[in-house]
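Report on the following structure.
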Amino acid sequence: MNHRKPNRRSIRLRDWDYRSEGYYFVTFCTHQRECLFDDPRLHEIATLAWDYIPQQPHAQTVALDERIIMPNHGHGLLRITVDPAIPLAETDHPRGPLAGSVGVIMGNYKMLVTKRVKAMLKASDTDMKVWQRGYWERIIRNERELNAIRRYIQENPRRWHEDRDNLDRLLDKMVYVDGP
């Protein structure tokens, strides 16, 4: 087994502050796309944790739009608004994700779901993986794209039988973010 990480070139927008005002479409997958959220108890954990995002201190400028938690992945639209009290250029730590950024929001969401899933399953295996590493994101550029993504999310359950092909095509249009 090769334990070396591939040398990934980030295709994220180089000078974009991912705390900037706007809509962000995120997709996140379970580890090895296991149908973990077929279990209604675990599905509820993932759904409630998503709905809790705006109440967390690191996500005070986030509003939620459409979302869906499928058996092996989830899609969500996040709307970030600017907090005038916190200039976007200001940073307490020059490296790593910043509070209110898409990366921090996703990392905290996945951590919260992982902790609760492991507790629910009374997982003694501390190495149990709930999520695939990273997530996919797309900055929404206009109203037409926003509405198309809302429709995609709403119709996702009807396309479940062809999920693998649809999900792979969608992910090809998004940016992979290596991380949480």
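Chains: A, B, ... in order of the structure tokens. Residues: from 1 per chain. Ligands: from 1, in order shown.
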Filtered DSSP result for segment 11-151 of chain A, state alpha helix (DSSP H), as number ranges by chain = A: 40-52, 102-121, 143-151
Do you know which residues are at most 6 Å from segment 74-84 of chain A counting only C-alpha atoms, after dropping those on the same chain fewer than 6 positions away, and could you put them as a PDB file with C-alpha atoms, in the first residue's frame?
ATOM      1  CA  GLU A  21     -19.886  37.254   0.884  1.00  0.00           C
ATOM      2  CA  GLY A  22     -21.644  34.945  -1.515  1.00  0.00           C
ATOM      3  CA  TYR A  23     -23.091  31.498  -2.090  1.00  0.00           C
ATOM      4  CA  TYR A  24     -20.964  28.365  -1.895  1.00  0.00           C
ATOM      5  CA  PHE A  25     -22.085  24.930  -3.055  1.00  0.00           C
ATOM      6  CA  VAL A  26     -20.419  22.092  -1.122  1.00  0.00           C
ATOM      7  CA  THR A  27     -20.500  18.336  -1.590  1.00  0.00           C
ATOM      8  CA  PHE A  28     -19.117  15.906   0.964  1.00  0.00           C
ATOM      9  CA  THR A  61     -22.103  35.006   9.128  1.00  0.00           C
ATOM     10  CA  VAL A  62     -23.559  31.841   7.551  1.00  0.00           C
ATOM     11  CA  ALA A  63     -27.114  31.330   6.371  1.00  0.00           C
ATOM     12  CA  LEU A  64     -28.222  27.965   5.058  1.00  0.00           C
ATOM     13  CA  ASP A  65     -30.048  27.468   1.792  1.00  0.00           C
ATOM     14  CA  GLU A  66     -30.946  24.126   0.169  1.00  0.00           C
ATOM     15  CA  ARG A  67     -29.379  20.937   1.508  1.00  0.00           C
ATOM     16  CA  ILE A  68     -29.782  17.206   1.216  1.00  0.00           C
TER      17      ILE A  68
END
